[in-house]
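Text of protein-v1.tsv, listed as TSV, C-alpha atoms:
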chain	number	residue	atom	x	y	z
A	1	MET	CA	107.61	63.31	72.20
A	2	ASP	CA	105.14	61.75	69.75
A	3	PHE	CA	105.41	58.04	69.12
A	4	LEU	CA	103.71	57.70	65.77
A	5	VAL	CA	103.45	53.92	65.54
A	6	SER	CA	101.40	53.52	68.72
A	7	GLY	CA	99.87	57.02	68.43
A	8	THR	CA	100.95	58.05	71.92
A	9	HIS	CA	102.62	61.12	73.41
A	10	ILE	CA	105.09	60.32	76.20
A	11	SER	CA	107.94	62.27	77.79
A	12	PRO	CA	111.26	60.68	76.72
A	13	LEU	CA	112.67	61.47	80.17
A	14	TYR	CA	109.91	59.34	81.73
A	15	LEU	CA	110.86	56.44	79.45
A	16	ILE	CA	114.59	56.80	80.18
A	17	VAL	CA	114.01	56.89	83.95
A	18	VAL	CA	111.65	53.88	83.79
A	19	GLY	CA	114.22	52.08	81.65
A	20	PHE	CA	117.02	52.90	84.09
A	21	ILE	CA	115.10	51.57	87.11
A	22	ILE	CA	114.04	48.45	85.23
A	23	GLY	CA	117.62	48.01	84.04
A	24	ILE	CA	118.93	47.91	87.60
A	25	LEU	CA	116.21	45.48	88.69
A	26	GLY	CA	116.68	43.34	85.59
A	27	GLY	CA	120.43	43.11	86.01
A	28	PHE	CA	120.04	42.23	89.68
A	29	PHE	CA	117.13	39.79	89.52
A	30	GLY	CA	117.67	38.37	86.02
A	31	VAL	CA	114.23	39.38	84.90
A	32	GLY	CA	113.16	41.46	81.93
A	33	GLY	CA	111.32	43.83	84.24
A	34	SER	CA	107.96	43.56	82.48
A	35	PHE	CA	106.23	43.46	85.86
A	36	LEU	CA	107.14	47.16	86.07
A	37	ALA	CA	107.67	48.14	82.42
A	38	GLY	CA	104.26	46.82	81.39
A	39	PRO	CA	102.31	48.78	84.00
A	40	ALA	CA	104.56	51.83	83.48
A	41	LEU	CA	103.73	51.93	79.76
A	42	PHE	CA	100.06	51.12	80.32
A	43	ALA	CA	99.93	53.92	82.88
A	44	VAL	CA	100.88	56.59	80.31
A	45	GLY	CA	98.30	55.47	77.79
A	46	VAL	CA	100.10	52.91	75.60
A	47	PRO	CA	97.49	50.39	74.38
A	48	MET	CA	97.91	47.00	76.06
A	49	ASN	CA	98.78	45.10	72.87
A	50	PHE	CA	101.61	47.63	72.22
A	51	VAL	CA	102.69	47.31	75.87
A	52	VAL	CA	103.18	43.57	75.37
A	53	GLY	CA	105.23	43.80	72.14
A	54	THR	CA	107.19	46.97	72.91
A	55	ASP	CA	108.25	45.70	76.30
A	56	LEU	CA	109.68	42.57	74.66
A	57	ALA	CA	111.71	44.70	72.23
A	58	HIS	CA	113.21	46.83	74.99
A	59	ILE	CA	114.10	43.68	76.93
A	60	VAL	CA	116.20	42.37	74.01
A	61	GLY	CA	118.56	45.33	74.14
A	62	LYS	CA	118.75	45.46	77.92
A	63	SER	CA	119.37	41.75	78.36
A	64	ILE	CA	122.40	41.84	76.03
A	65	VAL	CA	124.13	44.21	78.45
A	66	ALA	CA	123.19	42.30	81.62
A	67	ALA	CA	123.86	38.84	80.16
A	68	LYS	CA	127.34	39.85	79.02
A	69	LYS	CA	128.10	41.20	82.48
A	70	HIS	CA	126.81	38.00	84.13
A	71	ARG	CA	128.88	35.87	81.75
A	72	VAL	CA	132.00	37.65	82.92
A	73	LEU	CA	130.94	36.87	86.51
A	74	GLY	CA	130.53	33.16	85.59
A	75	ASN	CA	126.75	33.16	86.13
A	76	VAL	CA	125.63	31.89	82.70
A	77	ASP	CA	124.94	28.21	81.93
A	78	ILE	CA	124.93	28.36	78.13
A	79	LYS	CA	123.86	24.72	77.68
A	80	LEU	CA	120.80	25.20	79.91
A	81	GLY	CA	120.02	28.53	78.23
A	82	LEU	CA	120.09	27.08	74.72
A	83	ILE	CA	117.81	24.18	75.70
A	84	MET	CA	115.36	26.56	77.32
A	85	VAL	CA	115.22	28.72	74.20
A	86	VAL	CA	113.49	25.89	72.31
A	87	GLY	CA	110.70	25.52	74.87
A	88	THR	CA	110.36	29.25	75.33
A	89	ILE	CA	109.95	30.03	71.62
A	90	ALA	CA	107.17	27.47	71.28
A	91	GLY	CA	105.47	28.99	74.32
A	92	VAL	CA	105.93	32.58	73.08
A	93	GLU	CA	104.19	31.72	69.81
A	94	LEU	CA	101.22	30.23	71.65
A	95	GLY	CA	101.04	33.27	73.95
A	96	ALA	CA	101.21	35.71	71.00
A	97	GLN	CA	98.39	33.82	69.25
A	98	MET	CA	96.31	34.13	72.42
A	99	VAL	CA	96.83	37.93	72.35
A	100	GLN	CA	95.72	37.98	68.70
A	101	GLN	CA	92.53	36.13	69.63
A	102	LEU	CA	91.87	38.61	72.43
A	103	LYS	CA	92.44	41.63	70.15
A	104	ARG	CA	89.37	40.54	68.18
A	105	HIS	CA	87.27	41.17	71.27
A	106	ALA	CA	86.69	44.58	72.85
A	107	ASN	CA	87.78	43.45	76.31
A	108	ALA	CA	91.41	42.51	75.49
A	109	ASP	CA	92.82	45.19	77.82
A	110	ILE	CA	90.83	44.08	80.84
A	111	VAL	CA	91.56	40.36	80.37
A	112	LEU	CA	95.31	40.97	79.97
A	113	ALA	CA	95.40	43.39	82.90
A	114	ILE	CA	93.57	41.00	85.26
A	115	SER	CA	95.75	38.06	84.16
A	116	PHE	CA	98.82	40.18	84.85
A	117	ILE	CA	97.58	41.09	88.35
A	118	VAL	CA	96.82	37.46	89.28
A	119	VAL	CA	100.23	36.24	88.08
A	120	LEU	CA	102.17	39.06	89.78
A	121	VAL	CA	100.43	38.71	93.16
A	122	SER	CA	100.78	34.90	93.11
A	123	ILE	CA	104.52	34.99	92.39
A	124	SER	CA	105.18	37.67	94.96
A	125	SER	CA	103.24	35.81	97.66
A	126	PHE	CA	104.93	32.48	96.95
A	127	MET	CA	108.47	33.91	96.80
A	128	GLY	CA	107.87	35.92	99.96
A	129	TRP	CA	106.68	32.86	101.85
A	130	GLU	CA	109.47	30.61	100.54
A	131	SER	CA	112.30	33.08	101.15
A	132	TRP	CA	111.05	33.82	104.66
A	133	GLN	CA	110.81	30.12	105.47
A	134	THR	CA	114.32	29.54	104.07
A	135	LEU	CA	115.78	32.40	106.08
A	136	LYS	CA	114.17	31.01	109.25
A	137	MET	CA	115.44	27.52	108.37
A	138	THR	CA	119.02	28.69	107.81
A	139	LYS	CA	119.07	31.33	110.56
A	140	GLY	CA	122.67	32.01	111.56
A	141	LYS	CA	123.93	29.66	108.89
A	142	THR	CA	123.54	31.91	105.85
A	143	PRO	CA	126.85	31.74	104.01
A	144	LYS	CA	128.40	34.78	102.38
A	145	PRO	CA	128.24	34.79	98.59
A	146	SER	CA	131.34	33.37	96.97
A	147	ALA	CA	132.30	31.94	93.60
A	148	LYS	CA	132.72	28.41	95.02
A	149	ARG	CA	129.21	28.30	96.49
A	150	LYS	CA	127.55	29.40	93.26
A	151	LEU	CA	127.38	25.84	91.91
A	152	LYS	CA	125.56	24.46	94.94
A	153	PRO	CA	121.77	24.75	94.92
A	154	ASP	CA	120.66	27.48	97.33
A	155	ALA	CA	118.95	26.49	100.56
A	156	SER	CA	115.19	26.47	99.94
A	157	ALA	CA	112.12	25.72	102.04
A	158	ILE	CA	110.74	23.67	99.13
A	159	GLY	CA	114.00	21.86	98.39
A	160	HIS	CA	112.20	18.50	98.71
A	161	ILE	CA	109.99	19.40	95.73
A	162	THR	CA	113.07	20.26	93.67
A	163	LYS	CA	114.62	16.89	94.53
A	164	TRP	CA	111.38	15.11	93.63
A	165	ILE	CA	111.30	16.85	90.23
A	166	GLN	CA	114.95	15.95	89.58
A	167	LYS	CA	114.05	12.28	90.23
A	168	PHE	CA	111.68	12.36	87.25
A	169	HIS	CA	113.61	10.02	84.92
A	170	PHE	CA	112.17	10.44	81.46
A	171	PRO	CA	114.91	10.13	78.81
A	172	PRO	CA	116.93	11.80	77.50
A	173	MET	CA	118.60	12.70	80.78
A	174	ILE	CA	121.24	15.42	80.67
A	175	SER	CA	123.77	16.85	83.09
A	176	LEU	CA	124.31	20.54	83.73
A	177	PRO	CA	127.71	20.84	85.42
A	178	ASN	CA	127.69	24.63	85.21
A	179	SER	CA	124.51	24.65	87.31
A	180	GLY	CA	125.69	21.89	89.64
A	181	ILE	CA	122.96	19.49	88.40
A	182	GLU	CA	124.12	15.92	87.85
A	183	LYS	CA	121.08	14.59	85.99
A	184	ILE	CA	117.76	16.04	84.88
A	185	SER	CA	115.20	15.13	82.24
A	186	LEU	CA	115.34	17.28	79.10
A	187	TRP	CA	111.53	17.33	79.15
A	188	THR	CA	111.44	18.96	82.58
A	189	ILE	CA	113.60	21.83	81.31
A	190	LEU	CA	111.53	22.20	78.14
A	191	ALA	CA	108.26	22.18	80.12
A	192	VAL	CA	109.49	24.92	82.46
A	193	ALA	CA	110.68	26.97	79.48
A	194	PHE	CA	107.42	26.42	77.57
A	195	VAL	CA	105.26	27.70	80.44
A	196	GLY	CA	107.54	30.74	80.77
A	197	GLY	CA	107.25	31.30	77.02
A	198	VAL	CA	103.43	31.27	77.10
A	199	PHE	CA	103.47	33.95	79.80
A	200	SER	CA	106.06	35.90	77.81
A	201	GLY	CA	104.00	35.89	74.62
A	202	PHE	CA	100.70	36.52	76.40
A	203	LEU	CA	101.65	39.14	78.98
A	204	GLY	CA	104.79	40.58	77.41
A	205	GLY	CA	108.31	40.81	78.70
A	206	GLY	CA	110.72	37.96	79.01
A	207	ALA	CA	108.61	36.31	81.76
A	208	GLY	CA	111.70	36.15	83.93
A	209	TYR	CA	109.32	36.65	86.88
A	210	ILE	CA	108.10	33.10	86.11
A	211	ARG	CA	111.27	31.51	84.71
A	212	MET	CA	113.84	32.72	87.25
A	213	PRO	CA	111.86	31.34	90.25
A	214	ALA	CA	111.01	28.18	88.24
A	215	MET	CA	114.71	27.56	87.51
A	216	VAL	CA	115.55	27.92	91.19
A	217	TYR	CA	112.60	26.04	92.71
A	218	LEU	CA	111.81	23.42	90.06
A	219	LEU	CA	115.14	22.74	88.34
A	220	GLY	CA	117.37	23.40	91.37
A	221	VAL	CA	119.63	25.92	89.64
A	222	PRO	CA	121.56	28.19	92.07
A	223	THR	CA	119.98	31.67	92.17
A	224	HIS	CA	123.03	33.49	90.73
A	225	VAL	CA	123.25	31.08	87.78
A	226	ALA	CA	119.46	31.25	87.27
A	227	VAL	CA	119.70	35.05	87.04
A	228	GLY	CA	122.53	35.01	84.45
A	229	THR	CA	121.16	32.09	82.41
A	230	ASP	CA	117.68	33.58	82.30
A	231	LEU	CA	119.09	36.81	80.88
A	232	PHE	CA	121.08	34.92	78.25
A	233	GLU	CA	118.00	32.93	77.26
A	234	VAL	CA	115.83	36.05	77.21
A	235	VAL	CA	118.08	37.70	74.57
A	236	ILE	CA	117.22	34.92	72.11
A	237	SER	CA	113.60	34.24	73.02
A	238	ALA	CA	112.65	37.93	73.35
A	239	SER	CA	114.22	38.58	69.92
A	240	TYR	CA	111.88	36.02	68.46
A	241	GLY	CA	108.97	37.50	70.44
A	242	THR	CA	109.81	41.00	69.21
A	243	PHE	CA	109.84	39.88	65.60
A	244	THR	CA	106.58	37.96	65.78
A	245	HIS	CA	104.81	40.76	67.69
A	246	ALA	CA	106.19	43.42	65.29
A	247	ILE	CA	104.72	41.59	62.30
A	248	LYS	CA	101.38	41.54	64.13
A	249	GLY	CA	101.67	45.32	64.68
A	250	ASN	CA	102.22	45.21	68.45
A	251	VAL	CA	105.65	46.89	68.67
A	252	ASP	CA	106.47	50.62	68.81
A	253	ILE	CA	110.23	50.30	68.40
A	254	MET	CA	110.85	54.01	69.09
A	255	ILE	CA	109.51	53.63	72.63
A	256	ALA	CA	111.71	50.57	73.13
A	257	LEU	CA	114.84	52.35	71.84
A	258	VAL	CA	114.32	55.34	74.13
A	259	MET	CA	113.65	53.14	77.19
A	260	HIS	CA	116.71	51.07	76.42
A	261	THR	CA	119.09	54.05	76.60
A	262	GLY	CA	118.31	54.24	80.34
A	263	ALA	CA	118.09	50.49	80.82
A	264	ALA	CA	121.55	49.78	79.39
A	265	ILE	CA	123.41	51.55	82.18
A	266	GLY	CA	120.95	50.34	84.83
A	267	ALA	CA	121.56	46.73	83.78
A	268	GLN	CA	125.32	47.13	84.33
A	269	ILE	CA	124.72	48.44	87.84
A	270	GLY	CA	122.21	45.69	88.69
A	271	ALA	CA	124.42	42.86	87.45
A	272	THR	CA	127.39	44.16	89.44
A	273	LEU	CA	125.27	44.34	92.60
A	274	THR	CA	124.56	40.56	92.55
A	275	GLU	CA	128.17	39.99	93.64
A	276	TYR	CA	127.31	41.39	97.06
A	277	PHE	CA	124.14	39.43	97.90
A	278	HIS	CA	123.33	35.83	98.81
A	279	GLY	CA	120.68	33.92	96.77
A	280	THR	CA	117.94	33.88	99.44
A	281	ARG	CA	118.35	37.61	100.03
A	282	ILE	CA	118.05	38.25	96.27
A	283	ARG	CA	114.81	36.26	96.20
A	284	LEU	CA	113.40	38.03	99.25
A	285	ALA	CA	114.27	41.43	97.80
A	286	PHE	CA	112.37	40.43	94.64
A	287	VAL	CA	109.06	40.06	96.54
A	288	PRO	CA	107.74	43.67	96.55
A	289	LEU	CA	108.50	44.30	92.86
A	290	PRO	CA	105.65	42.34	91.24
A	291	LEU	CA	103.30	43.90	93.81
A	292	ILE	CA	104.27	47.40	92.67
A	293	GLY	CA	103.44	46.40	89.09
A	294	ALA	CA	100.10	44.94	90.18
A	295	ALA	CA	99.28	48.10	92.18
A	296	ILE	CA	99.88	50.33	89.13
A	297	ILE	CA	97.54	48.22	86.97
A	298	ILE	CA	94.87	48.11	89.68
A	299	TYR	CA	95.06	51.90	90.02
A	300	SER	CA	94.63	52.36	86.26
A	301	LEU	CA	91.71	49.93	86.16
A	302	VAL	CA	89.89	51.32	89.22
A	303	THR	CA	90.22	55.01	88.37
A	304	GLY	CA	89.61	54.41	84.66
A	305	HIS	CA	92.30	56.88	83.67
A	306	HIS	CA	96.01	56.60	83.20
A	307	VAL	CA	98.74	57.99	85.46
A	308	LYS	CA	100.43	60.81	83.48
B	1	MET	CA	142.28	50.89	104.84
B	2	ALA	CA	143.70	49.94	101.44
B	3	ARG	CA	140.51	48.03	100.66
B	4	ARG	CA	138.39	51.05	101.58
B	5	THR	CA	140.49	53.31	99.34
B	6	LEU	CA	140.08	50.82	96.49
B	7	LYS	CA	136.29	50.76	97.00
B	8	ILE	CA	136.10	54.59	96.88
B	9	ALA	CA	138.27	54.62	93.73
B	10	SER	CA	135.96	52.05	92.09
B	11	LEU	CA	132.90	54.10	92.98
B	12	GLY	CA	134.57	57.19	91.51
B	13	SER	CA	135.35	55.33	88.28
B	14	PHE	CA	131.83	54.08	88.08
B	15	LEU	CA	130.31	57.54	88.57
B	16	MET	CA	132.65	58.98	85.94
B	17	GLU	CA	131.60	56.24	83.55
B	18	LEU	CA	127.98	57.03	84.28
B	19	ALA	CA	128.48	60.74	83.52
B	20	VAL	CA	130.33	60.14	80.21
B	21	TYR	CA	127.79	57.51	79.21
B	22	THR	CA	124.90	59.90	79.91
B	23	VAL	CA	126.43	62.53	77.60
B	24	PHE	CA	126.89	59.95	74.80
B	25	VAL	CA	123.38	58.65	75.16
B	26	PHE	CA	121.76	62.06	75.09
B	27	VAL	CA	123.71	63.08	71.97
B	28	TYR	CA	122.72	59.80	70.30
B	29	PHE	CA	119.15	60.19	71.42
B	30	PHE	CA	118.65	63.67	69.99
B	31	LEU	CA	120.65	63.15	66.79
B	32	VAL	CA	119.46	59.71	65.72
B	33	LEU	CA	116.18	58.80	67.38
B	34	HIS	CA	114.63	62.23	66.82
B	35	PHE	CA	114.97	61.89	63.03
B	36	LEU	CA	114.04	58.20	62.86
B	37	GLY	CA	110.38	58.49	63.89
B	38	ASN	CA	108.75	59.37	60.56
B	39	TRP	CA	110.69	56.75	58.56
B	40	ILE	CA	109.79	54.05	61.09
B	41	LYS	CA	106.10	55.00	60.94
B	42	HIS	CA	106.21	54.88	57.12
B	43	LEU	CA	107.78	51.42	57.27
B	44	PHE	CA	105.20	50.24	59.83
B	45	ASP	CA	102.35	51.27	57.49
B	46	GLN	CA	103.89	49.99	54.24
B	47	ASN	CA	105.70	46.72	54.99
B	48	ARG	CA	105.18	45.00	58.33
B	49	THR	CA	107.77	42.25	57.78
B	50	LEU	CA	110.47	44.76	56.87
B	51	TYR	CA	109.43	46.84	59.87
B	52	ALA	CA	109.80	43.81	62.15
B	53	THR	CA	113.27	43.06	60.73
B	54	VAL	CA	114.43	46.67	61.09
B	55	ALA	CA	112.95	46.93	64.60
B	56	LEU	CA	114.79	43.83	65.77
B	57	ALA	CA	118.03	44.94	64.08
B	58	LEU	CA	117.81	48.39	65.68
B	59	ILE	CA	117.36	47.11	69.23
B	60	LEU	CA	120.04	44.43	68.82
B	61	VAL	CA	122.58	46.88	67.40
B	62	GLN	CA	121.76	49.45	70.08
B	63	GLY	CA	122.15	46.76	72.76
B	64	VAL	CA	125.54	45.64	71.47
B	65	VAL	CA	126.83	49.18	70.87
B	66	LEU	CA	125.79	50.47	74.29
B	67	GLU	CA	127.32	47.40	75.96
B	68	MET	CA	130.59	47.97	74.10
B	69	LEU	CA	130.49	51.66	74.92
B	70	THR	CA	130.06	51.11	78.67
B	71	THR	CA	132.76	48.42	78.74
B	72	ALA	CA	135.22	50.58	76.76
B	73	LEU	CA	134.57	53.59	78.97
B	74	LEU	CA	135.16	51.57	82.11
B	75	LYS	CA	138.44	50.16	80.75
B	76	LEU	CA	139.63	53.61	79.72
B	77	ILE	CA	138.88	55.14	83.10
B	78	ARG	CA	140.55	52.25	84.99
B	79	ARG	CA	143.66	52.47	82.78
B	80	ARG	CA	143.96	56.17	83.61
B	81	GLU	CA	143.72	55.43	87.33
B	82	THR	CA	146.56	52.91	87.23

Would you give me this structure, written as structure tokens?
Amino acid sequence: MDFLVSGTHISPLYLIVVGFIIGILGGFFGVGGSFLAGPALFAVGVPMNFVVGTDLAHIVGKSIVAAKKHRVLGNVDIKLGLIMVVGTIAGVELGAQMVQQLKRHANADIVLAISFIVVLVSISSFMGWESWQTLKMTKGKTPKPSAKRKLKPDASAIGHITKWIQKFHFPPMISLPNSGIEKISLWTILAVAFVGGVFSGFLGGGAGYIRMPAMVYLLGVPTHVAVGTDLFEVVISASYGTFTHAIKGNVDIMIALVMHTGAAIGAQIGATLTEYFHGTRIRLAFVPLPLIGAAIIIYSLVTGHHVK
Amino acid sequence: MARRTLKIASLGSFLMELAVYTVFVFVYFFLVLHFLGNWIKHLFDQNRTLYATVALALILVQGVVLEMLTTALLKLIRRRET
């Protein structure tokens, strides 16, 4: 099938299957799935600036499905999500401007690809280390997932850092009862959201691979609630990102629509699966995913040709 | 035993939903998306702001419609089972 806007020729079946897999992962981990969608589009010859914008567009549709499902499961903190939107949108705009600056230079693809690899490998390594340490720490004491435990912060090997961040008293202080947080500075939430937004605008996707771990480790939000809230927030922030990237000519909406047909059903499956796993296990299972994305980009860069 | 039976029934419902959904999506895909390409490209070349608005509207509407479709299908199948 020809995608006229980006000038590419891609099998729609490939896009649907990629969308389906990303949908499952997105629904389960609360991430947009750009760590896989980005490389998967880049691998079939979609220019990197279109990868960034198109991926955001597909995430909007997919996140609606997963967020609704998570809301039914009681995993969405709407207050936290709405606050984060503000920080994220400011960050997305900065990230999108950075892409525009890069497009003026011939090496935009290589800079974006290397940035992507560094971010993906760093997150995967950190989450792997932390989850492993937490599992060792709570060996034999890992509780089964239940609705009552959702509001307690998950056990974490870096729980002391979370507590230290929550002690940062810079007014206004707010409480997030739906996330089990008594008091936290508004600025801490906005800062976390802003950084996620910059990654989202610069590298594409909803940057859930940054925000979901940041909500758990920095804000102390239970993993299940972080997953649902991130998806809710992504619907709004990725909509803004889609619009701003589309105006700049970085979105092939036809690719996004085709991918989303597969992602919609995958997201339902992924969101349902979270009911059966404990937070630490979800985080540990997340570890190999960014590495797969990094491996695809490295392959494309090293061989100099795309995987068809 | 009863729990196991319930689990198998749920899995059956889910697979049925998946099959019906797949048919819907493929019909939608070939009827709508196939004929949308040229118009979208024309819009992209002529008016970028309008293109951005239409692009966002399309993905939002598709997201909402597909979510409603999957939910409705699941309800329908479960009602038949009971």

Near chain B, which residues of chain A fall within 6 Å when you count all atoms listed in the file, and what do they look like as a PyMOL selection string?
chain A and resi 5+61+64-65+243+246-247+253

Which residues, written as a VMD selection string, have at least one atom at most 7 Å from range 109-115 of chain A, with all atoms listed in the file counted and residues fewer than 3 positions away on the same chain left out?
chain A and resid 48 118 to 119 203 297

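One distance worth recording is that between CA of Ile265 in chain A and CA of Phe20 in chain A, which is 6.8 Å.
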
What is the CA of Gly228 in chain A to CA of Ala66 in chain A distance in Å?
7.8 Å

Report the distance between CA of Ser179 in chain A and CA of Val221 in chain A in Å, rounded to one decimal place.
5.6 Å
